[in-house]
file input.cif (mmCIF, C-alpha atoms)
data_input
#
loop_
_atom_site.label_atom_id
_atom_site.label_comp_id
_atom_site.auth_asym_id
_atom_site.auth_seq_id
_atom_site.Cartn_x
_atom_site.Cartn_y
_atom_site.Cartn_z
CA MET A 49 59.45 87.99 73.83
CA THR A 50 58.46 91.21 72.10
CA THR A 51 60.29 92.04 68.90
CA ASN A 52 60.45 95.09 66.64
CA ASP A 53 60.49 97.40 69.62
CA ILE A 54 63.10 99.43 71.48
CA ILE A 55 63.85 98.66 75.11
CA CYS A 56 64.91 101.69 77.14
CA GLY A 57 67.37 100.64 79.81
CA ASP A 58 70.81 99.43 80.78
CA ALA A 59 72.21 96.91 78.31
CA ILE A 60 73.32 94.29 80.84
CA ALA A 61 70.13 94.42 82.91
CA GLU A 62 67.89 94.19 79.85
CA LEU A 63 69.96 91.48 78.13
CA LEU A 64 69.56 89.25 81.19
CA LYS A 65 65.78 89.48 80.82
CA LEU A 66 65.79 88.10 77.28
CA PRO A 67 65.30 84.36 76.63
CA GLU A 68 68.35 82.21 76.08
CA ARG A 69 69.15 81.27 72.47
CA SER A 70 66.60 83.75 71.11
CA ALA A 71 68.80 85.78 68.71
CA GLN A 72 70.21 84.53 65.44
CA LEU A 73 72.49 87.53 65.07
CA ILE A 74 73.92 90.09 67.48
CA ILE A 75 75.37 93.36 66.20
CA ALA A 76 76.98 95.44 68.94
CA ASP A 77 78.59 98.86 68.64
CA PRO A 78 79.51 99.54 72.28
CA PRO A 79 81.32 102.59 73.65
CA TYR A 80 85.00 102.43 72.63
CA PHE A 81 86.23 104.01 75.92
CA GLN A 82 87.50 107.61 75.95
CA VAL A 83 87.51 107.99 72.17
CA LEU A 84 84.71 110.54 71.92
CA GLN A 85 85.95 113.03 74.48
CA GLY A 86 82.78 115.12 74.56
CA GLU A 87 80.38 112.23 75.13
CA GLU A 88 79.62 111.25 78.73
CA TRP A 89 78.64 107.68 77.76
CA ASP A 90 82.13 107.06 76.33
CA ASN A 91 83.91 108.35 79.46
CA GLN A 92 81.96 106.78 82.31
CA TRP A 93 84.68 104.35 83.47
CA LYS A 94 87.51 105.41 85.78
CA SER A 95 90.07 103.05 84.31
CA GLU A 96 90.74 100.61 81.49
CA ASP A 97 90.27 97.72 83.90
CA ASP A 98 86.80 99.01 84.82
CA TYR A 99 85.89 99.25 81.16
CA LEU A 100 87.16 95.75 80.40
CA GLU A 101 85.29 94.28 83.37
CA TRP A 102 82.08 95.92 82.13
CA SER A 103 82.78 94.71 78.59
CA ILE A 104 83.06 91.09 79.67
CA ARG A 105 79.84 91.40 81.66
CA TRP A 106 77.80 92.69 78.74
CA THR A 107 79.29 90.22 76.25
CA ARG A 108 78.41 87.33 78.59
CA ALA A 109 74.88 88.67 78.99
CA ALA A 110 74.51 89.01 75.21
CA ALA A 111 76.08 85.63 74.42
CA ARG A 112 73.46 83.75 76.44
CA THR A 113 70.82 85.03 73.99
CA LEU A 114 72.73 83.80 70.90
CA LYS A 115 71.50 80.71 69.08
CA ASP A 116 73.93 77.84 68.59
CA ASP A 117 74.24 78.62 64.86
CA GLY A 118 74.32 82.39 65.35
CA LEU A 119 77.04 85.00 64.92
CA PHE A 120 78.03 87.85 67.24
CA TYR A 121 79.59 90.97 65.68
CA ILE A 122 81.29 93.62 67.83
CA PHE A 123 82.64 96.90 66.48
CA GLY A 124 85.97 98.26 67.68
CA GLN A 125 88.86 100.47 66.72
CA LEU A 126 92.63 100.67 67.09
CA GLY A 127 94.63 103.82 67.72
CA LYS A 128 96.55 105.72 70.33
CA ARG A 129 93.42 106.14 72.44
CA GLU A 130 91.78 102.92 71.28
CA HIS A 131 94.51 100.36 72.05
CA ILE A 132 92.25 98.87 74.72
CA TRP A 133 90.49 97.11 71.82
CA LEU A 134 93.41 94.68 71.69
CA HIS A 135 92.86 93.68 75.32
CA PHE A 136 89.12 93.39 74.80
CA CYS A 137 89.53 91.05 71.81
CA SER A 138 91.92 88.84 73.76
CA LEU A 139 89.58 88.58 76.75
CA VAL A 140 86.35 88.03 74.86
CA ALA A 141 87.95 85.37 72.64
CA LYS A 142 88.33 83.32 75.83
CA GLU A 143 84.59 83.64 76.48
CA LEU A 144 83.43 82.74 72.96
CA GLN A 145 85.04 81.21 69.88
CA PHE A 146 86.90 83.58 67.57
CA HIS A 147 85.35 83.37 64.09
CA ASP A 148 86.75 86.25 62.02
CA MET A 149 88.08 89.79 62.12
CA ILE A 150 86.37 92.00 59.57
CA ILE A 151 87.89 95.26 58.44
CA TRP A 152 85.51 98.12 57.75
CA ASP A 153 87.34 100.25 55.19
CA ARG A 154 85.72 103.63 55.76
CA ALA A 155 86.98 104.80 52.33
CA VAL A 156 87.76 108.25 53.77
CA GLY A 157 90.23 108.73 56.62
CA TYR A 158 90.31 111.39 59.31
CA ASN A 159 93.54 113.36 59.46
CA GLU A 160 94.09 113.72 63.19
CA ARG A 161 97.60 112.24 63.50
CA TYR A 162 100.83 114.09 62.77
CA ASP A 163 103.23 111.16 63.33
CA SER A 164 101.59 108.17 61.62
CA PHE A 165 99.38 107.16 58.71
CA THR A 166 95.87 108.56 58.39
CA PRO A 167 93.35 106.20 60.06
CA CYS A 168 90.90 104.78 57.54
CA TYR A 169 89.36 101.65 59.06
CA GLU A 170 87.54 100.15 62.00
CA MET A 171 87.24 96.50 62.94
CA ILE A 172 84.38 94.08 63.54
CA LEU A 173 85.17 91.09 65.72
CA ALA A 174 83.08 88.07 64.71
CA LEU A 175 82.41 85.40 67.34
CA ARG A 176 80.50 82.14 67.48
CA LYS A 177 79.32 80.20 70.52
CA SER A 178 81.88 77.41 70.56
CA THR A 179 84.59 75.59 68.64
CA ASP A 180 82.05 73.07 67.33
CA ALA A 181 79.40 75.65 66.42
CA LYS A 182 78.54 75.89 62.73
CA PRO A 183 77.04 79.34 62.24
CA TYR A 184 74.61 80.18 59.48
CA PHE A 185 76.29 82.29 56.81
CA ASN A 186 75.04 83.08 53.30
CA LYS A 187 77.91 84.22 51.07
CA ASP A 188 75.61 84.50 48.06
CA ALA A 189 73.58 87.22 49.78
CA VAL A 190 76.47 89.68 49.73
CA ARG A 191 78.09 89.10 46.36
CA LEU A 192 79.62 92.12 44.65
CA PRO A 193 78.87 92.79 40.96
CA TYR A 194 81.60 92.41 38.37
CA GLU A 195 82.12 95.17 35.83
CA GLU A 196 80.85 94.31 32.36
CA GLU A 197 84.33 94.51 30.85
CA LYS A 198 85.66 92.11 33.47
CA ILE A 199 82.86 89.63 32.73
CA ARG A 200 83.72 89.71 29.04
CA ALA A 201 87.42 89.22 29.82
CA TYR A 202 86.78 86.26 32.11
CA LEU A 203 84.55 84.61 29.53
CA ARG A 204 87.42 84.73 27.05
CA ASP A 205 89.58 82.70 29.46
CA LYS A 206 90.03 79.30 27.78
CA ARG A 207 90.54 77.51 31.11
CA TYR A 208 86.78 77.52 31.66
CA LYS A 209 85.13 74.84 29.50
CA ASP A 210 81.56 75.32 30.72
CA LYS A 211 80.87 78.88 29.55
CA THR A 212 77.24 78.77 30.69
CA ALA A 213 78.15 77.89 34.27
CA ARG A 214 80.93 80.47 34.24
CA LEU A 215 78.58 83.20 33.00
CA LEU A 216 76.05 82.31 35.68
CA HIS A 217 78.71 82.72 38.37
CA LEU A 218 79.94 86.01 36.91
CA GLU A 219 76.44 87.44 36.71
CA LYS A 220 75.89 86.61 40.38
CA GLY A 221 79.02 88.59 41.26
CA LYS A 222 82.17 87.87 43.21
CA TYR A 223 82.23 86.82 46.83
CA ALA A 224 82.76 89.62 49.33
CA THR A 225 85.97 89.50 51.36
CA ASN A 226 86.36 90.29 55.04
CA ILE A 227 87.38 93.81 54.04
CA LEU A 228 84.12 95.72 53.63
CA ARG A 229 84.56 99.01 51.79
CA VAL A 230 81.68 101.28 52.75
CA PRO A 231 82.15 105.08 52.96
CA SER A 232 81.68 106.49 56.45
CA LEU A 233 78.89 108.99 57.07
CA LYS A 234 79.88 112.61 56.74
CA GLY A 235 78.02 115.64 58.06
CA SER A 236 76.28 116.21 54.74
CA SER A 237 75.04 112.63 54.45
CA LYS A 238 71.26 112.23 54.24
CA GLU A 239 71.64 109.23 56.54
CA LYS A 240 73.14 111.25 59.37
CA ALA A 241 70.65 111.20 62.22
CA GLY A 242 72.47 112.81 65.14
CA HIS A 243 74.65 110.11 66.69
CA PRO A 244 78.43 110.76 66.69
CA SER A 245 79.40 107.15 65.90
CA GLN A 246 76.52 106.19 63.61
CA LYS A 247 77.34 103.35 61.21
CA PRO A 248 76.24 103.35 57.54
CA GLU A 249 73.14 101.34 56.66
CA LYS A 250 75.02 99.66 53.81
CA LEU A 251 77.57 98.25 56.26
CA ILE A 252 74.95 96.87 58.66
CA GLU A 253 73.01 95.53 55.68
CA GLN A 254 75.91 93.27 54.69
CA LEU A 255 76.11 91.80 58.20
CA ILE A 256 72.37 91.16 58.37
CA LEU A 257 72.02 89.74 54.85
CA SER A 258 74.92 87.34 55.28
CA SER A 259 74.22 86.19 58.83
CA SER A 260 70.46 85.92 59.16
CA ARG A 261 67.35 84.82 57.28
CA PRO A 262 63.98 86.58 56.92
CA ASN A 263 62.10 86.55 60.26
CA ASP A 264 65.27 85.72 62.23
CA VAL A 265 65.83 87.86 65.33
CA VAL A 266 68.60 90.45 65.17
CA LEU A 267 69.70 91.89 68.53
CA ASP A 268 71.49 95.20 69.06
CA PRO A 269 72.40 95.91 72.73
CA PHE A 270 73.53 99.49 71.98
CA LEU A 271 70.98 100.63 69.42
CA GLY A 272 71.98 104.30 69.33
CA SER A 273 70.17 106.08 66.52
CA GLY A 274 68.55 102.86 65.34
CA THR A 275 70.49 101.81 62.24
CA THR A 276 70.35 98.08 63.03
CA ALA A 277 66.60 98.26 63.66
CA VAL A 278 65.92 100.22 60.47
CA VAL A 279 67.96 97.86 58.27
CA ALA A 280 66.62 94.72 59.95
CA GLU A 281 63.03 95.82 59.48
CA ARG A 282 63.65 96.83 55.87
CA LEU A 283 65.11 93.37 55.22
CA GLU A 284 62.13 91.67 56.93
CA ARG A 285 63.99 90.46 60.02
CA GLN A 286 62.67 90.64 63.54
CA TRP A 287 64.78 92.83 65.82
CA ILE A 288 65.35 93.81 69.42
CA GLY A 289 67.11 97.03 70.30
CA ILE A 290 68.34 98.19 73.70
CA GLU A 291 69.28 101.82 74.30
CA ILE A 292 69.72 103.75 77.54
CA ASN A 293 69.63 107.28 76.10
CA PRO A 294 66.05 108.59 75.55
CA ASN A 295 67.29 111.16 73.03
CA TYR A 296 68.76 108.47 70.80
CA ILE A 297 65.58 106.42 71.18
CA GLN A 298 63.59 109.36 69.83
CA ILE A 299 65.88 109.51 66.80
CA ALA A 300 65.56 105.77 66.22
CA GLU A 301 61.78 105.88 66.53
CA ARG A 302 61.61 108.73 64.03
CA ARG A 303 63.71 106.78 61.53
CA LEU A 304 61.54 103.69 61.99
CA ALA A 305 58.37 105.76 61.54
CA GLU A 306 59.75 107.15 58.28
CA LEU A 307 60.57 103.64 57.05
CA ARG A 308 57.12 102.34 57.94
CA ALA A 309 55.46 105.31 56.27
CA LYS A 310 57.32 104.54 53.05
CA LYS A 311 56.23 100.90 53.22
CA GLU A 312 52.60 101.89 53.64
CA ALA A 313 52.63 104.57 50.94
CA PRO A 314 50.60 103.65 47.82
CA LEU A 315 52.58 102.64 44.74
CA PHE A 316 50.65 105.09 42.55
CA LYS A 317 49.36 108.50 43.48
CA THR A 318 45.68 109.12 42.83
CA ILE A 319 45.21 111.74 40.15
CA SER A 320 42.32 114.02 41.03
CA SER A 321 40.20 115.46 38.25
#
call {"tool": "encode", "arguments": {"input": "input.cif", "output": "structure tokens"}}
result
Amino acid sequence: MTTNDIICGDAIAELLKLPERSAQLIIADPPYFQVLQGEEWDNQWKSEDDYLEWSIRWTRAAARTLKDDGLFYIFGQLGKREHIWLHFCSLVAKELQFHDMIIWDRAVGYNERYDSFTPCYEMILALRKSTDAKPYFNKDAVRLPYEEEKIRAYLRDKRYKDKTARLLHLEKGKYATNILRVPSLKGSSKEKAGHPSQKPEKLIEQLILSSSRPNDVVLDPFLGSGTTAVVAERLERQWIGIEINPNYIQIAERRLAELRAKKEAPLFKTISS
């Protein structure tokens, strides 16, 4: 199995070629179905039933590659056009074991609704292989730093007798919740690479850090502009990306080339006399 390379092709066909139980972590950001009106890839199904049938097929194909202690993250969204996400979650939870529902708080909403609250989040369905599966998860890898004033206040709390142990915990930071607050990418963002539903590197980083170890294989069946590959490689994971659109593959390859160039750059510039 070749890793750290992009496979150009249909997700289902290419997933079925991969070895069983080869991926520690799967991060999937599939088409949401008729959300992005101007994108052909998001409007290729004639009906909701067609989309759901395709969704079950690709999740089954991906699940066969998941290790027994692995986690499978799938992005989705709720809304007037995105209510099909509810049906998808119900169906796929019969195929695999429901593990968690993570909320991605985008920090900034998009004001497109006149009759309800401004949308400000997306969802990440977390699945494991079975009821008995015990997935690898490292909570310490995604701790959030406490503010200095809060550390001082907690240390003054007389309920904690072992101040040294308490300080150690506080310096490590608090455990992240299943609400991940990461600002979405705007047009002016330096990260923006040309994909309309590109996810922030910081968001993908938290999934990879918590749910895989160095050299583990991270699989992305819908690689898009390559965010999962870029973050996985930066964090010293192996990765496999599948993408059907050659234009997006070019963007992903450019981003990977830039990352690799930075890694190979000398720490100190030679000063010529």
call {"tool": "residues_around", "arguments": {"input": "input.cif", "residues": "range 252-257 of chain A", "least_positions_apart": "4", "cutoff": "9 Å", "atoms": "all atoms listed in the file", "output": "JSON, numbers by chain"}}
result
{"A": [73, 75, 121, 185, 186, 187, 189, 190, 228, 247, 248, 261, 262, 266, 275, 276, 279, 280, 283, 285]}
call {"tool": "resolve_selection", "arguments": {"input": "input.cif", "expression": "the PyMOL selection byres ((chain A and resi 95-109) around 6)", "output": "list in words"}}
result
Ile60, Leu63, Leu64, Trp93, Lys94, Ala110, Ala111 and Arg112 of chain A
call {"tool": "atom_distance", "arguments": {"input": "input.cif", "atom1": "CA of Gly57 in chain A", "atom2": "CA of Asp264 in chain A"}}
result
23.2 Å
call {"tool": "residues_around", "arguments": {"input": "input.cif", "residues": "Asp188 in chain A", "least_positions_apart": "4", "cutoff": "8 Å", "atoms": "only C-alpha atoms", "output": "PyMOL selection string"}}
result
chain A and resi 220+223+258
call {"tool": "closest_residue", "arguments": {"input": "input.cif", "among": "A:Ser260, A:Tyr194, A:Ile227, A:Asp153", "to": "Ala71 in chain A", "atoms": "all atoms listed in the file"}}
result
A:Ser260
call {"tool": "residues_around", "arguments": {"input": "input.cif", "residues": "Asp77 in chain A", "least_positions_apart": "6", "cutoff": "7 Å", "atoms": "only C-alpha atoms", "output": "ChimeraX atom specification"}}
result
/A:122-123,270
call {"tool": "write_last_selection", "arguments": {"input": "input.cif", "atoms": "C-alpha atoms", "output": "PDB file, keeping the file's coordinate frame"}}
result
ATOM      1  CA  ILE A 122      81.290  93.620  67.830  1.00  0.00           C
ATOM      2  CA  PHE A 123      82.640  96.900  66.480  1.00  0.00           C
ATOM      3  CA  PHE A 270      73.530  99.490  71.980  1.00  0.00           C
TER       4      PHE A 270
END
call {"tool": "atom_distance", "arguments": {"input": "input.cif", "atom1": "CA of Leu233 in chain A", "atom2": "CA of Ile150 in chain A"}}
result
18.7 Å
call {"tool": "atom_distance", "arguments": {"input": "input.cif", "atom1": "CA of Arg308 in chain A", "atom2": "CA of Ile290 in chain A"}}
result
19.8 Å
call {"tool": "resolve_selection", "arguments": {"input": "input.cif", "expression": "the PyMOL selection byres ((chain A and resi 267) around 6)", "output": "number ranges by chain"}}
result
A: 74, 266, 268, 287-288
call {"tool": "closest_residue", "arguments": {"input": "input.cif", "among": "A:Arg200, A:His147, A:Arg229, A:Lys234", "to": "Tyr169 in chain A", "atoms": "only C-alpha atoms"}}
result
A:Arg229
call {"tool": "resolve_selection", "arguments": {"input": "input.cif", "expression": "the PyMOL selection byres ((chain A and resi 149) around 6)", "output": "PDB file with C-alpha atoms, keeping the file's coordinate frame"}}
result
ATOM      1  CA  ASP A 148      86.750  86.250  62.020  1.00  0.00           C
ATOM      2  CA  ILE A 150      86.370  92.000  59.570  1.00  0.00           C
ATOM      3  CA  ILE A 172      84.380  94.080  63.540  1.00  0.00           C
ATOM      4  CA  LEU A 173      85.170  91.090  65.720  1.00  0.00           C
ATOM      5  CA  ALA A 174      83.080  88.070  64.710  1.00  0.00           C
TER       6      ALA A 174
END
call {"tool": "closest_residue", "arguments": {"input": "input.cif", "among": "A:Lys177, A:Glu219, A:Val265, A:Trp152", "to": "Ser70 in chain A", "atoms": "all atoms listed in the file"}}
result
A:Val265
call {"tool": "closest_residue", "arguments": {"input": "input.cif", "among": "A:Arg282, A:Lys311, A:Lys240, A:Lys222", "to": "Ile299 in chain A", "atoms": "all atoms listed in the file"}}
result
A:Lys240
call {"tool": "build_atoms", "arguments": {"input": "input.cif", "residues": "range 250-283 of chain A", "atoms": "N, CA and C atoms", "output": "tab-separated table (two decimals), in the frame of the given file"}}
result
chain	number	residue	atom	x	y	z
A	250	LYS	N	74.47	100.64	54.75
A	250	LYS	CA	75.02	99.66	53.81
A	250	LYS	C	75.93	98.67	54.52
A	251	LEU	N	76.68	99.12	55.50
A	251	LEU	CA	77.57	98.25	56.26
A	251	LEU	C	76.78	97.24	57.09
A	252	ILE	N	75.79	97.75	57.83
A	252	ILE	CA	74.95	96.87	58.66
A	252	ILE	C	74.15	95.91	57.79
A	253	GLU	N	73.75	96.38	56.61
A	253	GLU	CA	73.01	95.53	55.68
A	253	GLU	C	73.80	94.28	55.30
A	254	GLN	N	75.10	94.43	55.08
A	254	GLN	CA	75.91	93.27	54.69
A	254	GLN	C	76.01	92.25	55.82
A	255	LEU	N	76.07	92.72	57.05
A	255	LEU	CA	76.11	91.80	58.20
A	255	LEU	C	74.78	91.05	58.34
A	256	ILE	N	73.68	91.78	58.19
A	256	ILE	CA	72.37	91.16	58.37
A	256	ILE	C	72.05	90.20	57.23
A	257	LEU	N	72.32	90.60	55.99
A	257	LEU	CA	72.02	89.74	54.85
A	257	LEU	C	72.81	88.43	54.90
A	258	SER	N	74.06	88.52	55.29
A	258	SER	CA	74.92	87.34	55.28
A	258	SER	C	74.69	86.42	56.46
A	259	SER	N	74.21	86.96	57.58
A	259	SER	CA	74.22	86.19	58.83
A	259	SER	C	72.85	85.97	59.44
A	260	SER	N	71.81	86.20	58.68
A	260	SER	CA	70.46	85.92	59.16
A	260	SER	C	69.53	85.68	57.98
A	261	ARG	N	68.38	85.09	58.28
A	261	ARG	CA	67.35	84.82	57.28
A	261	ARG	C	66.13	85.68	57.58
A	262	PRO	N	65.23	85.86	56.62
A	262	PRO	CA	63.98	86.58	56.92
A	262	PRO	C	63.29	85.99	58.15
A	263	ASN	N	62.81	86.88	59.01
A	263	ASN	CA	62.10	86.55	60.26
A	263	ASN	C	63.03	86.12	61.39
A	264	ASP	N	64.33	85.95	61.14
A	264	ASP	CA	65.27	85.72	62.23
A	264	ASP	C	65.32	86.96	63.13
A	265	VAL	N	65.73	86.75	64.38
A	265	VAL	CA	65.83	87.86	65.33
A	265	VAL	C	67.25	88.41	65.33
A	266	VAL	N	67.34	89.73	65.13
A	266	VAL	CA	68.60	90.45	65.17
A	266	VAL	C	68.60	91.31	66.43
A	267	LEU	N	69.62	91.17	67.25
A	267	LEU	CA	69.70	91.89	68.53
A	267	LEU	C	70.81	92.93	68.49
A	268	ASP	N	70.50	94.13	68.94
A	268	ASP	CA	71.49	95.20	69.06
A	268	ASP	C	71.42	95.74	70.48
A	269	PRO	N	72.44	95.47	71.32
A	269	PRO	CA	72.40	95.91	72.73
A	269	PRO	C	72.68	97.39	72.92
A	270	PHE	N	73.21	98.07	71.90
A	270	PHE	CA	73.53	99.49	71.98
A	270	PHE	C	72.97	100.15	70.71
A	271	LEU	N	71.67	100.29	70.67
A	271	LEU	CA	70.98	100.63	69.42
A	271	LEU	C	71.32	102.01	68.90
A	272	GLY	N	71.63	102.95	69.78
A	272	GLY	CA	71.98	104.30	69.33
A	272	GLY	C	70.85	104.91	68.53
A	273	SER	N	71.18	105.41	67.34
A	273	SER	CA	70.17	106.08	66.52
A	273	SER	C	69.33	105.13	65.69
A	274	GLY	N	69.50	103.82	65.89
A	274	GLY	CA	68.55	102.86	65.34
A	274	GLY	C	68.89	102.23	64.01
A	275	THR	N	70.15	102.33	63.56
A	275	THR	CA	70.49	101.81	62.24
A	275	THR	C	70.20	100.31	62.11
A	276	THR	N	70.60	99.53	63.10
A	276	THR	CA	70.35	98.08	63.03
A	276	THR	C	68.86	97.79	62.92
A	277	ALA	N	68.04	98.48	63.70
A	277	ALA	CA	66.60	98.26	63.66
A	277	ALA	C	66.02	98.62	62.30
A	278	VAL	N	66.44	99.75	61.76
A	278	VAL	CA	65.92	100.22	60.47
A	278	VAL	C	66.27	99.22	59.36
A	279	VAL	N	67.53	98.78	59.32
A	279	VAL	CA	67.96	97.86	58.27
A	279	VAL	C	67.30	96.50	58.45
A	280	ALA	N	67.24	96.02	59.69
A	280	ALA	CA	66.62	94.72	59.95
A	280	ALA	C	65.16	94.72	59.52
A	281	GLU	N	64.44	95.77	59.85
A	281	GLU	CA	63.03	95.82	59.48
A	281	GLU	C	62.86	95.94	57.97
A	282	ARG	N	63.72	96.70	57.33
A	282	ARG	CA	63.65	96.83	55.87
A	282	ARG	C	63.90	95.49	55.20
A	283	LEU	N	64.76	94.67	55.80
A	283	LEU	CA	65.11	93.37	55.22
A	283	LEU	C	64.21	92.24	55.75
